[in-house]
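Asks: Structure file query_36.pdb (PDB, C-alpha atoms) is given on the next line.
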ATOM      1  CA  MET R 157      13.984  20.547 -27.668  1.00  0.00           C
ATOM      2  CA  GLN R 158      10.713  19.185 -26.281  1.00  0.00           C
ATOM      3  CA  LEU R 159      12.533  16.526 -24.282  1.00  0.00           C
ATOM      4  CA  ASP R 160      15.040  19.078 -23.004  1.00  0.00           C
ATOM      5  CA  THR R 161      12.160  21.129 -21.621  1.00  0.00           C
ATOM      6  CA  LEU R 162      10.493  18.043 -20.176  1.00  0.00           C
ATOM      7  CA  TRP R 163      13.765  16.951 -18.576  1.00  0.00           C
ATOM      8  CA  GLN R 164      14.165  20.349 -16.903  1.00  0.00           C
ATOM      9  CA  PHE R 165      10.579  20.162 -15.724  1.00  0.00           C
ATOM     10  CA  MET R 166      11.213  16.708 -14.259  1.00  0.00           C
ATOM     11  CA  GLN R 167      14.073  18.040 -12.124  1.00  0.00           C
ATOM     12  CA  VAL R 168      11.749  20.592 -10.551  1.00  0.00           C
ATOM     13  CA  ASP R 169       8.900  18.058 -10.252  1.00  0.00           C
ATOM     14  CA  MET R 170      11.098  15.430  -8.578  1.00  0.00           C
ATOM     15  CA  GLU R 171      12.547  18.019  -6.184  1.00  0.00           C
ATOM     16  CA  THR R 172       9.023  19.000  -5.138  1.00  0.00           C
ATOM     17  CA  ASP R 173       7.989  15.370  -4.681  1.00  0.00           C
ATOM     18  CA  GLY R 174      11.158  14.703  -2.711  1.00  0.00           C
ATOM     19  CA  PHE R 175      10.490  17.587  -0.347  1.00  0.00           C
ATOM     20  CA  GLU R 176       6.914  16.425   0.189  1.00  0.00           C
ATOM     21  CA  ALA R 177       8.152  12.902   0.971  1.00  0.00           C
ATOM     22  CA  LYS R 178      10.715  14.371   3.361  1.00  0.00           C
ATOM     23  CA  MET R 179       7.901  16.205   5.149  1.00  0.00           C
ATOM     24  CA  ARG R 180       6.063  12.898   5.655  1.00  0.00           C
ATOM     25  CA  GLN R 181       9.247  11.338   7.039  1.00  0.00           C
ATOM     26  CA  SER R 182       9.985  14.239   9.383  1.00  0.00           C
ATOM     27  CA  GLU R 183      11.567  13.048  12.641  1.00  0.00           C
ATOM     28  CA  ASN R 184       9.101  15.084  14.685  1.00  0.00           C
ATOM     29  CA  ARG R 185       6.211  13.663  12.661  1.00  0.00           C
ATOM     30  CA  GLN R 186       7.430  10.102  13.148  1.00  0.00           C
ATOM     31  CA  LYS R 187       7.771  10.667  16.891  1.00  0.00           C
ATOM     32  CA  LEU R 188       4.340  12.277  16.992  1.00  0.00           C
ATOM     33  CA  VAL R 189       2.726   9.370  15.150  1.00  0.00           C
ATOM     34  CA  LYS R 190       4.496   6.891  17.431  1.00  0.00           C
ATOM     35  CA  ALA R 191       3.303   8.739  20.553  1.00  0.00           C
ATOM     36  CA  ARG R 192      -0.237   8.976  19.155  1.00  0.00           C
ATOM     37  CA  ASP R 193      -0.328   5.255  18.375  1.00  0.00           C
ATOM     38  CA  PHE R 194       1.042   4.449  21.828  1.00  0.00           C
ATOM     39  CA  LEU R 195      -1.712   6.521  23.444  1.00  0.00           C
ATOM     40  CA  LYS R 196      -4.319   4.728  21.347  1.00  0.00           C
ATOM     41  CA  ASP R 197      -2.893   1.378  22.433  1.00  0.00           C
ATOM     42  CA  GLN R 198      -2.969   2.421  26.081  1.00  0.00           C
ATOM     43  CA  GLN R 199      -6.567   3.576  25.734  1.00  0.00           C
ATOM     44  CA  ALA R 200      -7.464   0.201  24.224  1.00  0.00           C
ATOM     45  CA  ASN R 201      -5.598  -1.598  27.019  1.00  0.00           C
ATOM     46  CA  MET R 202      -7.374   0.488  29.647  1.00  0.00           C
ATOM     47  CA  LYS R 203     -10.746  -0.251  28.055  1.00  0.00           C
ATOM     48  CA  ARG R 204      -9.959  -3.961  27.997  1.00  0.00           C
ATOM     49  CA  LEU R 205      -8.900  -3.908  31.644  1.00  0.00           C
ATOM     50  CA  GLU R 206     -12.017  -1.982  32.628  1.00  0.00           C
ATOM     51  CA  ASN R 207     -14.166  -4.598  30.882  1.00  0.00           C
ATOM     52  CA  ASP R 208     -12.230  -7.408  32.571  1.00  0.00           C
ATOM     53  CA  VAL R 209     -12.640  -5.738  35.975  1.00  0.00           C
ATOM     54  CA  ALA R 210     -16.391  -5.248  35.402  1.00  0.00           C
ATOM     55  CA  VAL R 211     -16.816  -8.956  34.573  1.00  0.00           C
ATOM     56  CA  MET R 212     -14.627  -9.894  37.529  1.00  0.00           C
ATOM     57  CA  GLN R 213     -16.635  -7.732  39.912  1.00  0.00           C
ATOM     58  CA  ASP R 214     -19.866  -9.401  38.813  1.00  0.00           C
ATOM     59  CA  ARG R 215     -18.345 -12.843  39.307  1.00  0.00           C
ATOM     60  CA  LEU R 216     -16.810 -11.775  42.621  1.00  0.00           C
ATOM     61  CA  ALA R 217     -20.177 -10.643  43.939  1.00  0.00           C
ATOM     62  CA  ALA R 218     -21.788 -13.933  42.874  1.00  0.00           C
ATOM     63  CA  VAL R 219     -19.021 -16.015  44.472  1.00  0.00           C
ATOM     64  CA  GLU R 220     -19.155 -13.996  47.692  1.00  0.00           C
ATOM     65  CA  ASP R 221     -22.933 -14.534  47.865  1.00  0.00           C
ATOM     66  CA  GLU R 222     -22.528 -18.269  47.301  1.00  0.00           C
ATOM     67  CA  ALA R 223     -19.739 -18.508  49.894  1.00  0.00           C
ATOM     68  CA  ALA R 224     -21.910 -16.683  52.418  1.00  0.00           C
ATOM     69  CA  ARG R 225     -24.799 -19.069  51.667  1.00  0.00           C
ATOM     70  CA  LEU R 226     -22.558 -22.102  52.171  1.00  0.00           C
ATOM     71  CA  GLU R 227     -21.235 -20.701  55.449  1.00  0.00           C
ATOM     72  CA  LYS R 228     -24.798 -20.366  56.729  1.00  0.00           C
ATOM     73  CA  LEU R 229     -25.601 -23.906  55.607  1.00  0.00           C
ATOM     74  CA  LEU R 230     -22.463 -25.160  57.325  1.00  0.00           C
ATOM     75  CA  GLU R 231     -23.354 -23.318  60.530  1.00  0.00           C
ATOM     76  CA  SER R 232     -26.876 -24.719  60.355  1.00  0.00           C
ATOM     77  CA  ALA R 233     -25.604 -28.276  59.756  1.00  0.00           C
ATOM     78  CA  THR R 234     -23.101 -27.978  62.603  1.00  0.00           C
ATOM     79  CA  GLU R 235     -25.771 -26.580  64.946  1.00  0.00           C
ATOM     80  CA  ASN R 236     -28.172 -29.382  63.961  1.00  0.00           C
ATOM     81  CA  PHE R 237     -25.464 -31.966  64.559  1.00  0.00           C
ATOM     82  CA  ASN R 238     -24.780 -30.552  68.026  1.00  0.00           C
ATOM     83  CA  ASN R 239     -28.440 -30.098  69.025  1.00  0.00           C
ATOM     84  CA  ASN R 240     -29.689 -33.319  67.476  1.00  0.00           C
ATOM     85  CA  PRO R 241     -26.984 -35.949  67.767  1.00  0.00           C
ATOM     86  CA  PRO R 242     -27.368 -38.779  65.257  1.00  0.00           C
ATOM     87  CA  ALA R 243     -29.312 -41.751  66.546  1.00  0.00           C
ATOM     88  CA  ASN R 244     -26.982 -44.265  64.990  1.00  0.00           C
ATOM     89  CA  ALA R 245     -23.787 -44.703  63.043  1.00  0.00           C
ATOM     90  CA  GLU R 246     -25.574 -44.528  59.697  1.00  0.00           C
ATOM     91  CA  ASP R 247     -27.140 -41.140  60.520  1.00  0.00           C
ATOM     92  CA  ALA R 248     -23.796 -39.906  61.837  1.00  0.00           C
ATOM     93  CA  GLU R 249     -22.107 -40.907  58.585  1.00  0.00           C
ATOM     94  CA  LYS R 250     -24.775 -39.163  56.471  1.00  0.00           C
ATOM     95  CA  GLN R 251     -24.488 -35.950  58.491  1.00  0.00           C
ATOM     96  CA  ALA R 252     -20.702 -36.113  58.318  1.00  0.00           C
ATOM     97  CA  GLU R 253     -20.818 -36.545  54.516  1.00  0.00           C
ATOM     98  CA  ALA R 254     -23.177 -33.568  54.184  1.00  0.00           C
ATOM     99  CA  VAL R 255     -20.886 -31.396  56.287  1.00  0.00           C
ATOM    100  CA  ALA R 256     -17.852 -32.601  54.334  1.00  0.00           C
ATOM    101  CA  LYS R 257     -19.507 -31.643  51.012  1.00  0.00           C
ATOM    102  CA  LEU R 258     -20.372 -28.220  52.361  1.00  0.00           C
ATOM    103  CA  LEU R 259     -16.786 -27.747  53.558  1.00  0.00           C
ATOM    104  CA  ASP R 260     -15.380 -28.852  50.225  1.00  0.00           C
ATOM    105  CA  SER R 261     -17.642 -26.478  48.284  1.00  0.00           C
ATOM    106  CA  LEU R 262     -16.894 -23.626  50.659  1.00  0.00           C
ATOM    107  CA  GLN R 263     -13.137 -24.188  50.341  1.00  0.00           C
ATOM    108  CA  ARG R 264     -13.367 -24.175  46.540  1.00  0.00           C
ATOM    109  CA  TYR R 265     -15.290 -20.894  46.568  1.00  0.00           C
ATOM    110  CA  GLU R 266     -12.867 -19.381  49.056  1.00  0.00           C
ATOM    111  CA  ALA R 267      -9.938 -20.450  46.855  1.00  0.00           C
ATOM    112  CA  GLU R 268     -11.648 -18.834  43.849  1.00  0.00           C
ATOM    113  CA  LEU R 269     -12.260 -15.687  45.883  1.00  0.00           C
ATOM    114  CA  ALA R 270      -8.587 -15.535  46.882  1.00  0.00           C
ATOM    115  CA  LYS R 271      -7.504 -15.919  43.236  1.00  0.00           C
ATOM    116  CA  MET R 272      -9.970 -13.287  42.038  1.00  0.00           C
ATOM    117  CA  ARG R 273      -8.817 -10.805  44.669  1.00  0.00           C
ATOM    118  CA  LYS R 274      -5.218 -11.435  43.627  1.00  0.00           C
ATOM    119  CA  ASP R 275      -6.163 -10.929  39.963  1.00  0.00           C
ATOM    120  CA  ALA R 276      -8.024  -7.755  40.898  1.00  0.00           C
ATOM    121  CA  ASP R 277      -4.913  -6.403  42.634  1.00  0.00           C
ATOM    122  CA  THR R 278      -2.849  -7.231  39.526  1.00  0.00           C
ATOM    123  CA  LYS R 279      -5.291  -5.477  37.203  1.00  0.00           C
ATOM    124  CA  ASP R 280      -5.472  -2.485  39.521  1.00  0.00           C
ATOM    125  CA  ARG R 281      -1.671  -2.236  39.395  1.00  0.00           C
ATOM    126  CA  GLN R 282      -1.737  -2.549  35.598  1.00  0.00           C
ATOM    127  CA  GLN R 283      -4.290   0.247  35.354  1.00  0.00           C
ATOM    128  CA  LYS R 284      -2.127   2.513  37.501  1.00  0.00           C
ATOM    129  CA  GLU R 285       0.930   1.728  35.362  1.00  0.00           C
ATOM    130  CA  ILE R 286      -1.012   2.495  32.176  1.00  0.00           C
ATOM    131  CA  ARG R 287      -2.195   5.821  33.593  1.00  0.00           C
ATOM    132  CA  VAL R 288       1.373   6.788  34.497  1.00  0.00           C
ATOM    133  CA  ARG R 289       2.777   5.805  31.081  1.00  0.00           C
ATOM    134  CA  ALA R 290      -0.092   7.457  29.236  1.00  0.00           C
ATOM    135  CA  ALA R 291       0.283  10.694  31.225  1.00  0.00           C
ATOM    136  CA  LYS R 292       4.011  10.809  30.485  1.00  0.00           C
ATOM    137  CA  THR R 293       3.469  10.099  26.794  1.00  0.00           C
ATOM    138  CA  LYS R 294       0.692  12.709  26.598  1.00  0.00           C
ATOM    139  CA  MET R 295       3.093  15.357  27.915  1.00  0.00           C
ATOM    140  CA  GLU R 296       5.683  14.299  25.343  1.00  0.00           C
ATOM    141  CA  PHE R 297       2.995  14.318  22.642  1.00  0.00           C
ATOM    142  CA  ASP R 298       1.891  17.847  23.511  1.00  0.00           C
ATOM    143  CA  THR R 299       5.489  19.115  23.422  1.00  0.00           C
ATOM    144  CA  LEU R 300       6.148  17.388  20.093  1.00  0.00           C
ATOM    145  CA  LYS R 301       2.878  18.719  18.682  1.00  0.00           C
ATOM    146  CA  VAL R 302       3.959  22.315  19.295  1.00  0.00           C
ATOM    147  CA  ALA R 303       7.326  21.747  17.596  1.00  0.00           C
ATOM    148  CA  TYR R 304       5.780  19.806  14.705  1.00  0.00           C
ATOM    149  CA  ASP R 305       3.048  22.379  14.090  1.00  0.00           C
ATOM    150  CA  GLN R 306       5.686  25.088  13.710  1.00  0.00           C
ATOM    151  CA  GLU R 307       7.779  22.882  11.437  1.00  0.00           C
ATOM    152  CA  PHE R 308       4.739  21.849   9.390  1.00  0.00           C
ATOM    153  CA  LYS R 309       3.620  25.447   8.910  1.00  0.00           C
ATOM    154  CA  ALA R 310       7.021  26.489   7.571  1.00  0.00           C
ATOM    155  CA  ASP R 311       7.395  23.393   5.381  1.00  0.00           C
ATOM    156  CA  THR R 312       3.866  23.746   4.011  1.00  0.00           C
ATOM    157  CA  ALA R 313       4.585  27.307   2.930  1.00  0.00           C
ATOM    158  CA  LYS R 314       7.777  26.136   1.212  1.00  0.00           C
ATOM    159  CA  LEU R 315       5.963  23.230  -0.442  1.00  0.00           C
ATOM    160  CA  GLN R 316       3.287  25.567  -1.788  1.00  0.00           C
ATOM    161  CA  ASP R 317       5.986  27.750  -3.337  1.00  0.00           C
ATOM    162  CA  MET R 318       7.656  24.697  -4.869  1.00  0.00           C
ATOM    163  CA  ARG R 319       4.351  23.454  -6.277  1.00  0.00           C
ATOM    164  CA  ALA R 320       3.655  26.876  -7.755  1.00  0.00           C
ATOM    165  CA  HIS R 321       7.097  26.813  -9.386  1.00  0.00           C
ATOM    166  CA  THR R 322       6.441  23.298 -10.677  1.00  0.00           C
ATOM    167  CA  GLU R 323       3.167  24.417 -12.233  1.00  0.00           C
ATOM    168  CA  GLN R 324       4.926  27.343 -13.920  1.00  0.00           C
ATOM    169  CA  GLU R 325       7.511  24.967 -15.379  1.00  0.00           C
ATOM    170  CA  ALA R 326       4.736  22.609 -16.503  1.00  0.00           C
ATOM    171  CA  LYS R 327       3.280  25.370 -18.690  1.00  0.00           C
ATOM    172  CA  LYS R 328       6.468  25.310 -20.752  1.00  0.00           C
ATOM    173  CA  VAL R 329       5.920  21.655 -21.706  1.00  0.00           C
ATOM    174  CA  ASP R 330       3.776  20.471 -24.599  1.00  0.00           C
ATOM    175  CA  PRO R 331       0.418  19.377 -23.053  1.00  0.00           C
ATOM    176  CA  ALA R 332       0.377  15.994 -24.822  1.00  0.00           C
ATOM    177  CA  LEU R 333       3.934  15.260 -23.714  1.00  0.00           C
ATOM    178  CA  LEU R 334       3.132  16.372 -20.178  1.00  0.00           C
ATOM    179  CA  ALA R 335       0.095  14.084 -20.121  1.00  0.00           C
ATOM    180  CA  LYS R 336       2.290  11.141 -21.192  1.00  0.00           C
ATOM    181  CA  TYR R 337       4.837  12.060 -18.504  1.00  0.00           C
ATOM    182  CA  ARG R 338       2.171  12.131 -15.798  1.00  0.00           C
ATOM    183  CA  SER R 339       0.674   8.868 -16.994  1.00  0.00           C
ATOM    184  CA  ILE R 340       4.077   7.138 -16.766  1.00  0.00           C
ATOM    185  CA  LYS R 341       4.714   8.740 -13.369  1.00  0.00           C
ATOM    186  CA  GLN R 342       1.732   6.893 -11.920  1.00  0.00           C
ATOM    187  CA  HIS R 343       3.618   3.609 -12.149  1.00  0.00           C
ATOM    188  CA  CYS R 344       7.243   4.623 -12.640  1.00  0.00           C
ATOM    189  CA  THR R 345       9.275   7.349 -10.936  1.00  0.00           C
ATOM    190  CA  PRO R 346      11.156   9.216 -12.246  1.00  0.00           C
ATOM    191  CA  PRO R 347       9.252   9.024 -15.550  1.00  0.00           C
ATOM    192  CA  MET R 348      12.308   9.827 -17.684  1.00  0.00           C
ATOM    193  CA  ALA R 349      15.697   8.168 -17.972  1.00  0.00           C
ATOM    194  CA  LYS R 350      18.894   9.180 -19.747  1.00  0.00           C
ATOM    195  CA  LEU R 351      20.376   7.084 -22.491  1.00  0.00           C
ATOM    196  CA  VAL R 352      23.805   5.935 -21.224  1.00  0.00           C
ATOM    197  CA  ASN R 353      26.060   3.666 -23.280  1.00  0.00           C
ATOM    198  CA  GLY R 354      23.122   2.240 -25.159  1.00  0.00           C
ATOM    199  CA  GLN R 355      21.226   1.484 -21.950  1.00  0.00           C
ATOM    200  CA  CYS R 356      18.241   2.921 -20.134  1.00  0.00           C
ATOM    201  CA  SER R 357      19.661   4.505 -16.982  1.00  0.00           C
ATOM    202  CA  GLY R 358      16.378   3.814 -15.194  1.00  0.00           C
ATOM    203  CA  CYS R 359      16.394   0.008 -15.421  1.00  0.00           C
ATOM    204  CA  PHE R 360      19.845  -0.542 -17.020  1.00  0.00           C
ATOM    205  CA  MET R 361      18.360  -2.596 -19.824  1.00  0.00           C
ATOM    206  CA  SER R 362      20.355  -2.606 -23.084  1.00  0.00           C
ATOM    207  CA  LEU R 363      18.300  -1.126 -25.900  1.00  0.00           C
ATOM    208  CA  PRO R 364      17.834  -2.594 -29.386  1.00  0.00           C
ATOM    209  CA  SER R 365      19.610  -0.892 -32.283  1.00  0.00           C
ATOM    210  CA  ALA R 366      16.302   0.199 -33.807  1.00  0.00           C
ATOM    211  CA  THR R 367      15.319   1.915 -30.548  1.00  0.00           C
ATOM    212  CA  LEU R 368      18.699   3.647 -30.332  1.00  0.00           C
ATOM    213  CA  LEU R 369      18.287   4.866 -33.901  1.00  0.00           C
ATOM    214  CA  ASP R 370      14.830   6.258 -33.138  1.00  0.00           C
ATOM    215  CA  ILE R 371      16.248   8.122 -30.162  1.00  0.00           C
ATOM    216  CA  LYS R 372      19.124   9.568 -32.214  1.00  0.00           C
ATOM    217  CA  ASN R 373      16.844  10.651 -35.039  1.00  0.00           C
ATOM    218  CA  GLY R 374      14.489  12.327 -32.626  1.00  0.00           C
ATOM    219  CA  ASP R 375      11.521  11.600 -34.862  1.00  0.00           C
ATOM    220  CA  ARG R 376       9.275  10.539 -31.986  1.00  0.00           C
ATOM    221  CA  ILE R 377       9.111  10.070 -28.234  1.00  0.00           C
ATOM    222  CA  VAL R 378      10.679   6.720 -27.350  1.00  0.00           C
ATOM    223  CA  GLU R 379       9.855   4.752 -24.228  1.00  0.00           C
ATOM    224  CA  CYS R 380      11.947   1.979 -22.723  1.00  0.00           C
ATOM    225  CA  ASP R 381      10.483  -1.422 -23.673  1.00  0.00           C
ATOM    226  CA  ASN R 382      11.375  -2.730 -20.205  1.00  0.00           C
ATOM    227  CA  CYS R 383      10.422  -0.031 -17.665  1.00  0.00           C
ATOM    228  CA  GLY R 384       8.296   2.312 -19.780  1.00  0.00           C
ATOM    229  CA  ARG R 385      10.280   5.472 -19.018  1.00  0.00           C
ATOM    230  CA  ILE R 386      10.668   8.198 -21.636  1.00  0.00           C
ATOM    231  CA  LEU R 387      14.215   7.885 -22.924  1.00  0.00           C
ATOM    232  CA  TYR R 388      16.295  11.067 -23.081  1.00  0.00           C
ATOM    233  CA  ASP R 389      19.512  11.510 -25.000  1.00  0.00           C
ATOM    234  CA  ALA R 390      21.328  14.359 -23.261  1.00  0.00           C
ATOM    235  CA  GLY R 391      24.130  14.236 -25.836  1.00  0.00           C
ATOM    236  CA  ASP R 392      26.809  14.039 -23.105  1.00  0.00           C
TER     237      ASP R 392
END
Could I get this file's structure written as structure tokens?

Replies:
Amino acid sequence: MQLDTLWQFMQVDMETDGFEAKMRQSENRQKLVKARDFLKDQQANMKRLENDVAVMQDRLAAVEDEAARLEKLLESATENFNNNPPANAEDAEKQAEAVAKLLDSLQRYEAELAKMRKDADTKDRQQKEIRVRAAKTKMEFDTLKVAYDQEFKADTAKLQDMRAHTEQEAKKVDPALLAKYRSIKQHCTPPMAKLVNGQCSGCFMSLPSATLLDIKNGDRIVECDNCGRILYDAGD
């Protein structure tokens, strides 16, 4: 009789748990979580791009300053070469080498500037794309949020009723037996299993003859040696 009552309680308890799990797996909830996570990712991407752009701008300013300095040095060297022609071939070669080094350095800085400006354009385009995607997703999120909030409100009310019913059914069960049920439920769900053809219907393990006899006699609560569920002989 005790196990019959516990079995009936388990049906109500499992139905309540199932509905709660269904709420967590709601299609609107899944879409909402996905949209929320996407927005978080886009915010992180935007932050990363902003940091990259800030570093790039600092480097760009430094490179522009150095390129401007080299241009002035090159102009000065060229002017000096024109105003003070070298006295001999050795001086001419030295001045030519100095100008060549300045030109080489200036070209390298100009190449870096060109690459940085290209990278800046790419990052600017990426930022615009992120803003567009994020704005679209935010609109979808807001629409989903309205639908989900309505769904959640209705489901929460139903769940509260189901929990109240479960608690009422729990009062019909012997407290010690209910405590054992809840202890088993922490690691095994459902906590009870029918006896079917000498097997536990929870794990399908064949039961020893002594265990089967204990179940038939009904002298004590018997748990499956394999899965730990409370075994129930429905007498079908």

Asks: For Arg376 (chain R), which residue among R:Asp214, R:Tyr388, R:Asp169, R:Ala245 is the nearest when counting all atoms listed in the file?

Replies: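 Selected residue with least distance to Arg376 (chain R): R:Tyr388.
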
Asks: State, in Å with one decimal place, the distance from CA of Ala349 (chain R) to CA of Glu325 (chain R).

Replies: 18.9 Å

Asks: Can you turn the PyMOL selection byres ((chain R and resi 336) around 12) into a concrete residue list for this file, as a ChimeraX atom specification?

Replies: /R:159,162,329-335,337-344,347-348,377-379,384-386

Asks: So what do you get for CA of Trp163 (chain R) versus CA of Ala366 (chain R), distance-wise?

Replies: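 About the pair CA of Trp163 (chain R) and CA of Ala366 (chain R): they are 22.8 Å apart.
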
Asks: For Cys383 (chain R), which residue among R:Ala254, R:Ala291, R:Cys356, R:Ala310 is the nearest when counting all atoms listed in the file?

Replies: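 Among R:Ala254, R:Ala291, R:Cys356, R:Ala310, it is R:Cys356 that comes nearest to Cys383 (chain R).
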
Asks: Kindly give the distance, in Å, that separates CA of Arg319 (chain R) and CA of Val189 (chain R), rounded to a single decimal.

Replies: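 That distance, rounded to one decimal, is 25.7 Å.
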
Asks: Neighbours of Thr312 (chain R) within 12 Å (only C-alpha atoms; same-chain residues fewer than 4 positions away dropped), as a list in words?

Replies: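 So the residues in contact are Thr172, Phe175, Glu176, Lys178, Met179, Arg180, Tyr304, Asp305, Gln306, Glu307, Phe308, Gln316, Asp317, Met318 and Arg319 of chain R.
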
Asks: Closest to Asp280 (chain R) among R:Asp208, R:Thr293, R:Lys314, R:Ala252, using all atoms listed in the file?

Replies: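 Residue with the minimum atom-to-atom distance to Asp280 (chain R): R:Asp208.
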
Asks: Apply the PyMOL selection byres ((chain R and resi 266) around 12) to the displayed file and report the matching residues as a PyMOL selection string.

Replies: chain R and resi 216+219-224+226-227+259-265+267-273

Asks: Would you save the residues from that selection as a PDB file, keeping the file's coordinate frame, using C-alpha atoms?

Replies:
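Written file, out18.pdb:
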ATOM      1  CA  LEU R 216     -16.810 -11.775  42.621  1.00  0.00           C
ATOM      2  CA  VAL R 219     -19.021 -16.015  44.472  1.00  0.00           C
ATOM      3  CA  GLU R 220     -19.155 -13.996  47.692  1.00  0.00           C
ATOM      4  CA  ASP R 221     -22.933 -14.534  47.865  1.00  0.00           C
ATOM      5  CA  GLU R 222     -22.528 -18.269  47.301  1.00  0.00           C
ATOM      6  CA  ALA R 223     -19.739 -18.508  49.894  1.00  0.00           C
ATOM      7  CA  ALA R 224     -21.910 -16.683  52.418  1.00  0.00           C
ATOM      8  CA  LEU R 226     -22.558 -22.102  52.171  1.00  0.00           C
ATOM      9  CA  GLU R 227     -21.235 -20.701  55.449  1.00  0.00           C
ATOM     10  CA  LEU R 259     -16.786 -27.747  53.558  1.00  0.00           C
ATOM     11  CA  ASP R 260     -15.380 -28.852  50.225  1.00  0.00           C
ATOM     12  CA  SER R 261     -17.642 -26.478  48.284  1.00  0.00           C
ATOM     13  CA  LEU R 262     -16.894 -23.626  50.659  1.00  0.00           C
ATOM     14  CA  GLN R 263     -13.137 -24.188  50.341  1.00  0.00           C
ATOM     15  CA  ARG R 264     -13.367 -24.175  46.540  1.00  0.00           C
ATOM     16  CA  TYR R 265     -15.290 -20.894  46.568  1.00  0.00           C
ATOM     17  CA  ALA R 267      -9.938 -20.450  46.855  1.00  0.00           C
ATOM     18  CA  GLU R 268     -11.648 -18.834  43.849  1.00  0.00           C
ATOM     19  CA  LEU R 269     -12.260 -15.687  45.883  1.00  0.00           C
ATOM     20  CA  ALA R 270      -8.587 -15.535  46.882  1.00  0.00           C
ATOM     21  CA  LYS R 271      -7.504 -15.919  43.236  1.00  0.00           C
ATOM     22  CA  MET R 272      -9.970 -13.287  42.038  1.00  0.00           C
ATOM     23  CA  ARG R 273      -8.817 -10.805  44.669  1.00  0.00           C
TER      24      ARG R 273
END

Asks: Measuring between all atoms listed in the file, which one of R:Gln213, R:Gln158, R:Gln167, R:Asn184 shows the shortest distance to Ala303 (chain R)?

Replies: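 Nearest candidate to Ala303 (chain R) out of R:Gln213, R:Gln158, R:Gln167, R:Asn184: R:Asn184.
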
Asks: Give me region 352-363 of chain R with N, CA, C and O atoms filled in, as a PDB file, keeping the file's coordinate frame.

Replies:
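Saved as out11.pdb:
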ATOM      1  N   VAL R 352      22.393   6.003 -21.621  1.00  0.00           N
ATOM      2  CA  VAL R 352      23.805   5.935 -21.224  1.00  0.00           C
ATOM      3  C   VAL R 352      24.413   4.651 -21.780  1.00  0.00           C
ATOM      4  O   VAL R 352      23.996   3.543 -21.410  1.00  0.00           O
ATOM      5  N   ASN R 353      25.370   4.808 -22.689  1.00  0.00           N
ATOM      6  CA  ASN R 353      26.060   3.666 -23.280  1.00  0.00           C
ATOM      7  C   ASN R 353      25.089   2.632 -23.845  1.00  0.00           C
ATOM      8  O   ASN R 353      25.238   1.416 -23.657  1.00  0.00           O
ATOM      9  N   GLY R 354      24.075   3.148 -24.525  1.00  0.00           N
ATOM     10  CA  GLY R 354      23.122   2.240 -25.159  1.00  0.00           C
ATOM     11  C   GLY R 354      22.156   1.578 -24.193  1.00  0.00           C
ATOM     12  O   GLY R 354      21.467   0.619 -24.568  1.00  0.00           O
ATOM     13  N   GLN R 355      22.110   2.066 -22.953  1.00  0.00           N
ATOM     14  CA  GLN R 355      21.226   1.484 -21.950  1.00  0.00           C
ATOM     15  C   GLN R 355      20.282   2.538 -21.374  1.00  0.00           C
ATOM     16  O   GLN R 355      20.596   3.732 -21.368  1.00  0.00           O
ATOM     17  N   CYS R 356      19.152   2.057 -20.890  1.00  0.00           N
ATOM     18  CA  CYS R 356      18.241   2.921 -20.134  1.00  0.00           C
ATOM     19  C   CYS R 356      18.814   3.069 -18.730  1.00  0.00           C
ATOM     20  O   CYS R 356      19.048   2.069 -18.041  1.00  0.00           O
ATOM     21  N   SER R 357      19.061   4.305 -18.305  1.00  0.00           N
ATOM     22  CA  SER R 357      19.661   4.505 -16.982  1.00  0.00           C
ATOM     23  C   SER R 357      18.649   4.296 -15.845  1.00  0.00           C
ATOM     24  O   SER R 357      19.018   4.304 -14.681  1.00  0.00           O
ATOM     25  N   GLY R 358      17.386   4.075 -16.219  1.00  0.00           N
ATOM     26  CA  GLY R 358      16.378   3.814 -15.194  1.00  0.00           C
ATOM     27  C   GLY R 358      16.356   2.366 -14.758  1.00  0.00           C
ATOM     28  O   GLY R 358      16.284   2.063 -13.564  1.00  0.00           O
ATOM     29  N   CYS R 359      16.440   1.447 -15.739  1.00  0.00           N
ATOM     30  CA  CYS R 359      16.394   0.008 -15.421  1.00  0.00           C
ATOM     31  C   CYS R 359      17.649  -0.729 -15.878  1.00  0.00           C
ATOM     32  O   CYS R 359      17.776  -1.937 -15.645  1.00  0.00           O
ATOM     33  N   PHE R 360      18.558   0.006 -16.557  1.00  0.00           N
ATOM     34  CA  PHE R 360      19.845  -0.542 -17.020  1.00  0.00           C
ATOM     35  C   PHE R 360      19.693  -1.659 -18.053  1.00  0.00           C
ATOM     36  O   PHE R 360      20.558  -2.521 -18.183  1.00  0.00           O
ATOM     37  N   MET R 361      18.580  -1.626 -18.750  1.00  0.00           N
ATOM     38  CA  MET R 361      18.360  -2.596 -19.824  1.00  0.00           C
ATOM     39  C   MET R 361      19.016  -2.087 -21.106  1.00  0.00           C
ATOM     40  O   MET R 361      18.870  -0.920 -21.469  1.00  0.00           O
ATOM     41  N   SER R 362      19.762  -2.977 -21.791  1.00  0.00           N
ATOM     42  CA  SER R 362      20.355  -2.606 -23.084  1.00  0.00           C
ATOM     43  C   SER R 362      19.252  -2.471 -24.115  1.00  0.00           C
ATOM     44  O   SER R 362      18.294  -3.263 -24.136  1.00  0.00           O
ATOM     45  N   LEU R 363      19.359  -1.442 -24.942  1.00  0.00           N
ATOM     46  CA  LEU R 363      18.300  -1.126 -25.900  1.00  0.00           C
ATOM     47  C   LEU R 363      18.638  -1.663 -27.292  1.00  0.00           C
ATOM     48  O   LEU R 363      19.807  -1.657 -27.711  1.00  0.00           O
TER      49      LEU R 363
END
